[in-house]
Protein chains: 2
Amino acid sequence: MSFSPLIQQLVTALRCLPGVGPKSAQRMAFHLLERDREGAFTLADALKVAAQEVEQCRMCCTLSESEICDICASPSRESSLLCIVESPMDVLAIEQTSGFAGVYYVLGGHLSPIDGVGPEDLGIDFLIDRVTSEQVKEVILATNPTVEGEATAHYIAERLKGCETRITRIAHGVPVGGELEYVDGGTLAHALAGRRQW
Amino acid sequence: MSFSPLIQQLVTALRCLPGVGPKSAQRMAFHLLERDREGAFTLADALKVAAQEVEQCRMCCTLSESEICDICASPSRESSLLCIVESPMDVLAIEQTSGFAGVYYVLGGHLSPIDGVGPEDLGIDFLIDRVTSEQVKEVILATNPTVEGEATAHYIAERLKGCETRITRIAHGVPVGGELEYVDGGTLAHALAGRRQW
């Protein structure tokens with residue numbers, strides 16, 4: 001026996017969520033149908049509206065329902081300080097530190113020739129145009145500290161060579177609150193190489 | 001900074017899924033919006049249709065979009081063998097063993113006076129009526145092996161006293177494939193007490 005068709009359809013649809021396997025999808029479907037129909041309707045509406053209305057900001061390519069997102073539109077942000085990240089989640093992570101007053105550019109991924117992702121897919125030409133035409137003083141490369149993230153940062157830095165813009169990369173080193181003993185060798189080597197005057 | 005309102009609304013709505021905290025909800029929302037709009041629409045439709053159409057089977061109270069579920073409607077099932085379970089998920093678990101040819105009754109929970117769940121909330125009167133009027137030969141109490149499940153089974157067994165129906169409880173014992181060393185004392189005591197002739 002399997003479920004009745006509509007329940008089966010719901011279980012299958014729930015599998016599109018990241019990290020949700022067959023068993024979790026079953027649990028979610030039954031939870032909603034048995035105990036939270038209201039929540040199911042709310043979720044259905046929220047999904048539909050968000051999937052219809054949310055687009056990319058025309059300036060920074062983050063997700064936003066307005067043409068220009070709140071950060072790009074804010075007059076209190078320093079538009080000459082541009083932080084390049086891979087995804088909208090990274091924007092949120094940096095915003096939560098409250099330590100950055102500049103603006104962002106979201107690549108929407110990293111260079112990955114094996115998956116067919118090239119510079120044109122990340123809008124890098126648009127980014128270079130923006131940096132040269134808008135008198136950006138500093139570009140902070142904040143792509144992920146992975147092989148692909150580093151390669152992407154390297155590529156952008158190469159493309160920006162010759163501009164008068166200052167190009168920086170976020171620091172690699174030991175995470176705050178960690179113990180040296182448990183930090184991997186690569187990170188430790190970076191932390192030593194990037195040591196600063198006390 | 002927080003998300004734009006529609007994204008925030010979606011993140012909040014995703015929290016209604018069991019086991020989804022704030023961070024997973026964010027990840028799910030961004031995954032759908034960045035990479036799987038199609039999936040978001042499909043999920044929204046599946047949720048809406050299921051929440052509208054799926055009701056309880058009038059015979060066994062499991063979830064089904066038809067008035068009588070497939071199991072109750074099937075002429076090949078033995079209607080004189082009635083298995084009482086707590087939830088529709090339990091029906092599925094038993095069906096997957098392919099070892100049961102009878103029909104089910106889904107209580108939709110267990111007795112829990114502290115949460116205000118009494119016999120009337122579980123439809124126990126309806127169940128007793130069904131057992132007495134339909135010439136059920138055997139009632140298998142397959143509520144969960146928890147304190148509440150045992151109490152519920154006990155209550156139903158008490159109510160059915162005096163009927164000619166045979167009342168049984170699923171066996172408690174060591175799970176197949178486990179090691180005795182790691183089985184808890186309560187289970188082991190049950191396994192010893194319930195030993196069978198070789």
# chains A, B, ... in the order shown; residues from 1 in each chain; ligands from 1
>>> residues_around(residues="stretch 9-14 of chain B", least_positions_apart="3", cutoff="6 Å", atoms="only C-alpha atoms", output="VMD selection string")
(chain A and resid 43 46) or (chain B and resid 6 17 25 to 26 29)
>>> interface_residues(of="chain B", to="chain A", cutoff="7 Å", atoms="only C-alpha atoms", output="list in words")
Met1, Ser4, Leu6, Ile7, Gln9, Leu10, Ala13, Leu14, Cys16, Leu17, Pro18, Met28, Leu33, Arg37, Gly39, Ala40, Phe41, Thr42, Leu43, Ala44, Asp45, Ala46, Leu47, Lys48, Ala50, Ala51, Ser64, Glu65 and Glu95 of chain B
>>> write_last_selection(atoms="N, CA and C atoms", output="compact mmCIF listing (two decimals), in the first residue's frame")
# COMPACT_ATOMS: atom_id res chain seq x y z
N MET B 1 19.87 44.40 9.30
CA MET B 1 19.05 44.15 8.11
C MET B 1 18.34 42.81 8.26
N SER B 4 13.79 40.90 2.79
CA SER B 4 12.67 41.68 2.28
C SER B 4 11.39 40.99 2.76
N LEU B 6 8.57 39.68 1.70
CA LEU B 6 8.03 38.42 1.17
C LEU B 6 8.93 37.23 1.52
N ILE B 7 10.24 37.45 1.49
CA ILE B 7 11.16 36.36 1.84
C ILE B 7 10.98 36.04 3.33
N GLN B 9 8.36 36.43 5.11
CA GLN B 9 7.08 35.74 5.25
C GLN B 9 7.23 34.26 4.89
N LEU B 10 7.97 33.98 3.84
CA LEU B 10 8.19 32.59 3.41
C LEU B 10 8.99 31.83 4.47
N ALA B 13 6.74 31.06 7.29
CA ALA B 13 5.77 30.02 6.94
C ALA B 13 6.42 28.64 6.93
N LEU B 14 7.69 28.57 6.50
CA LEU B 14 8.39 27.27 6.45
C LEU B 14 8.62 26.70 7.84
N CYS B 16 6.57 26.21 10.04
CA CYS B 16 5.46 25.35 10.48
C CYS B 16 5.76 23.88 10.20
N LEU B 17 6.78 23.60 9.37
CA LEU B 17 7.15 22.20 9.11
C LEU B 17 7.88 21.64 10.32
N PRO B 18 7.59 20.39 10.70
CA PRO B 18 8.26 19.83 11.89
C PRO B 18 9.76 19.66 11.64
N MET B 28 16.03 26.76 3.08
CA MET B 28 14.99 26.27 2.17
C MET B 28 14.45 27.41 1.31
N LEU B 33 14.02 29.97 -3.99
CA LEU B 33 13.97 31.21 -4.77
C LEU B 33 15.14 31.32 -5.74
N ARG B 37 12.27 27.58 -8.54
CA ARG B 37 10.95 28.26 -8.53
C ARG B 37 9.85 27.28 -8.93
N GLY B 39 9.74 24.11 -8.43
CA GLY B 39 9.45 23.29 -7.26
C GLY B 39 8.59 24.04 -6.26
N ALA B 40 8.84 25.34 -6.11
CA ALA B 40 8.06 26.14 -5.16
C ALA B 40 6.59 26.19 -5.59
N PHE B 41 6.35 26.39 -6.88
CA PHE B 41 4.97 26.42 -7.38
C PHE B 41 4.30 25.05 -7.20
N THR B 42 5.05 23.99 -7.55
CA THR B 42 4.49 22.64 -7.41
C THR B 42 4.12 22.37 -5.96
N LEU B 43 5.03 22.74 -5.04
CA LEU B 43 4.79 22.49 -3.62
C LEU B 43 3.59 23.30 -3.14
N ALA B 44 3.49 24.56 -3.60
CA ALA B 44 2.37 25.41 -3.18
C ALA B 44 1.05 24.77 -3.61
N ASP B 45 1.01 24.27 -4.86
CA ASP B 45 -0.23 23.66 -5.35
C ASP B 45 -0.54 22.37 -4.58
N ALA B 46 0.49 21.53 -4.39
CA ALA B 46 0.29 20.25 -3.70
C ALA B 46 -0.23 20.49 -2.29
N LEU B 47 0.33 21.49 -1.61
CA LEU B 47 -0.10 21.80 -0.25
C LEU B 47 -1.56 22.22 -0.23
N LYS B 48 -1.90 23.13 -1.14
CA LYS B 48 -3.26 23.66 -1.17
C LYS B 48 -4.27 22.55 -1.46
N ALA B 50 -3.95 19.25 -1.21
CA ALA B 50 -4.01 18.22 -0.17
C ALA B 50 -4.75 18.75 1.06
N ALA B 51 -4.44 20.00 1.46
CA ALA B 51 -5.09 20.55 2.66
C ALA B 51 -6.58 20.74 2.45
N SER B 64 -7.38 10.25 3.94
CA SER B 64 -7.69 9.77 2.60
C SER B 64 -8.52 10.82 1.89
N GLU B 65 -8.38 10.91 0.57
CA GLU B 65 -9.21 11.90 -0.12
C GLU B 65 -10.56 11.33 -0.56
N GLU B 95 1.63 -1.61 6.98
CA GLU B 95 1.39 -2.03 5.60
C GLU B 95 2.70 -2.42 4.91
>>> residues_around(residues="B:Cys72", least_positions_apart="4", cutoff="10 Å", atoms="only C-alpha atoms", output="VMD selection string")
chain B and resid 57 to 60 62 68 76 to 79 102 to 105
>>> residues_around(residues="stretch 136-152 of chain B", least_positions_apart="3", cutoff="7 Å", atoms="only C-alpha atoms", output="list in words")
Ser80, Leu81, Leu82, Cys83, Ile84, Val85, Glu86, His110, Leu111, Ser112, Val131, Tyr155, Ile156, Thr165, Arg166, Ile167, Thr168, Arg169 and Ile170 of chain B
>>> write_last_selection(atoms="N, CA, C and O atoms", output="mmCIF file, in the first residue's frame")
data_model
loop_
_atom_site.group_PDB
_atom_site.id
_atom_site.type_symbol
_atom_site.label_atom_id
_atom_site.label_comp_id
_atom_site.auth_asym_id
_atom_site.auth_seq_id
_atom_site.Cartn_x
_atom_site.Cartn_y
_atom_site.Cartn_z
ATOM 1 N N SER B 80 -12.877 -8.673 9.726
ATOM 2 C CA SER B 80 -13.115 -9.150 11.095
ATOM 3 C C SER B 80 -11.840 -9.096 11.946
ATOM 4 O O SER B 80 -11.848 -9.461 13.118
ATOM 5 N N LEU B 81 -10.743 -8.627 11.325
ATOM 6 C CA LEU B 81 -9.472 -8.503 12.048
ATOM 7 C C LEU B 81 -9.133 -7.019 12.088
ATOM 8 O O LEU B 81 -8.828 -6.411 11.060
ATOM 9 N N LEU B 82 -9.230 -6.400 13.266
ATOM 10 C CA LEU B 82 -9.127 -4.953 13.358
ATOM 11 C C LEU B 82 -7.888 -4.556 14.152
ATOM 12 O O LEU B 82 -7.722 -4.953 15.303
ATOM 13 N N CYS B 83 -7.028 -3.776 13.536
ATOM 14 C CA CYS B 83 -5.785 -3.355 14.188
ATOM 15 C C CYS B 83 -5.917 -1.887 14.583
ATOM 16 O O CYS B 83 -6.187 -1.035 13.739
ATOM 17 N N ILE B 84 -5.715 -1.599 15.863
ATOM 18 C CA ILE B 84 -5.900 -0.228 16.353
ATOM 19 C C ILE B 84 -4.552 0.452 16.500
ATOM 20 O O ILE B 84 -3.673 -0.039 17.222
ATOM 21 N N VAL B 85 -4.362 1.540 15.788
ATOM 22 C CA VAL B 85 -3.087 2.265 15.836
ATOM 23 C C VAL B 85 -3.333 3.723 16.199
ATOM 24 O O VAL B 85 -4.470 4.190 16.185
ATOM 25 N N GLU B 86 -2.220 4.433 16.502
ATOM 26 C CA GLU B 86 -2.373 5.825 16.932
ATOM 27 C C GLU B 86 -2.463 6.803 15.766
ATOM 28 O O GLU B 86 -3.164 7.803 15.839
ATOM 29 N N HIS B 110 -3.223 9.521 21.473
ATOM 30 C CA HIS B 110 -3.394 8.604 22.601
ATOM 31 C C HIS B 110 -4.050 9.362 23.748
ATOM 32 O O HIS B 110 -4.081 10.597 23.756
ATOM 33 N N LEU B 111 -4.567 8.624 24.705
ATOM 34 C CA LEU B 111 -5.174 9.274 25.865
ATOM 35 C C LEU B 111 -4.110 10.082 26.590
ATOM 36 O O LEU B 111 -2.999 9.596 26.807
ATOM 37 N N SER B 112 -4.422 11.300 26.916
ATOM 38 C CA SER B 112 -3.453 12.145 27.606
ATOM 39 C C SER B 112 -4.216 13.196 28.397
ATOM 40 O O SER B 112 -4.423 14.312 27.934
ATOM 41 N N VAL B 131 -16.794 -2.454 16.798
ATOM 42 C CA VAL B 131 -16.357 -3.791 17.193
ATOM 43 C C VAL B 131 -17.560 -4.660 17.545
ATOM 44 O O VAL B 131 -17.648 -5.820 17.132
ATOM 45 N N TYR B 155 -7.112 1.000 28.339
ATOM 46 C CA TYR B 155 -8.451 1.571 28.396
ATOM 47 C C TYR B 155 -9.375 0.888 27.385
ATOM 48 O O TYR B 155 -10.491 0.493 27.719
ATOM 49 N N ILE B 156 -8.887 0.720 26.160
ATOM 50 C CA ILE B 156 -9.719 0.097 25.120
ATOM 51 C C ILE B 156 -10.029 -1.352 25.486
ATOM 52 O O ILE B 156 -11.166 -1.820 25.357
ATOM 53 N N THR B 165 -15.201 -10.666 21.333
ATOM 54 C CA THR B 165 -14.028 -10.425 20.510
ATOM 55 C C THR B 165 -12.740 -10.824 21.233
ATOM 56 O O THR B 165 -12.608 -10.594 22.443
ATOM 57 N N ARG B 166 -11.815 -11.427 20.507
ATOM 58 C CA ARG B 166 -10.499 -11.728 21.072
ATOM 59 C C ARG B 166 -9.692 -10.437 21.046
ATOM 60 O O ARG B 166 -9.675 -9.722 20.036
ATOM 61 N N ILE B 167 -9.050 -10.130 22.167
ATOM 62 C CA ILE B 167 -8.271 -8.889 22.220
ATOM 63 C C ILE B 167 -6.796 -9.244 22.385
ATOM 64 O O ILE B 167 -6.440 -10.005 23.294
ATOM 65 N N THR B 168 -5.939 -8.724 21.499
ATOM 66 C CA THR B 168 -4.505 -9.017 21.606
ATOM 67 C C THR B 168 -3.707 -7.720 21.601
ATOM 68 O O THR B 168 -4.199 -6.672 21.196
ATOM 69 N N ARG B 169 -2.476 -7.823 22.058
ATOM 70 C CA ARG B 169 -1.570 -6.666 22.073
ATOM 71 C C ARG B 169 -0.330 -7.106 21.308
ATOM 72 O O ARG B 169 0.112 -8.248 21.440
ATOM 73 N N ILE B 170 0.229 -6.220 20.464
ATOM 74 C CA ILE B 170 1.451 -6.595 19.737
ATOM 75 C C ILE B 170 2.547 -6.936 20.756
ATOM 76 O O ILE B 170 2.573 -6.409 21.864
#
>>> select_by_dssp(residues="chain B", states="helix (DSSP H, G or I)", output="ChimeraX atom specification")
/B:5-14,22-35,37-53,70-73,88-95,113-115,119-122,124-133,147-160,180-182,185-193
>>> atom_distance(atom1="atom CA of B:His190", atom2="atom CA of B:Ala171")
8.7 Å
>>> select_by_dssp(residues="stretch 12-145 of chain A", states="strand (DSSP E or B)", output="list in words")
Glu55, Gln56, Leu63, Ser64, Glu78, Ser79, Ser80, Leu81, Leu82, Cys83, Ile84, Val85, Gly102, Val103, Tyr104, Tyr105, Val106, Ser112, Val117, Glu138, Val139, Ile140 and Leu141 of chain A
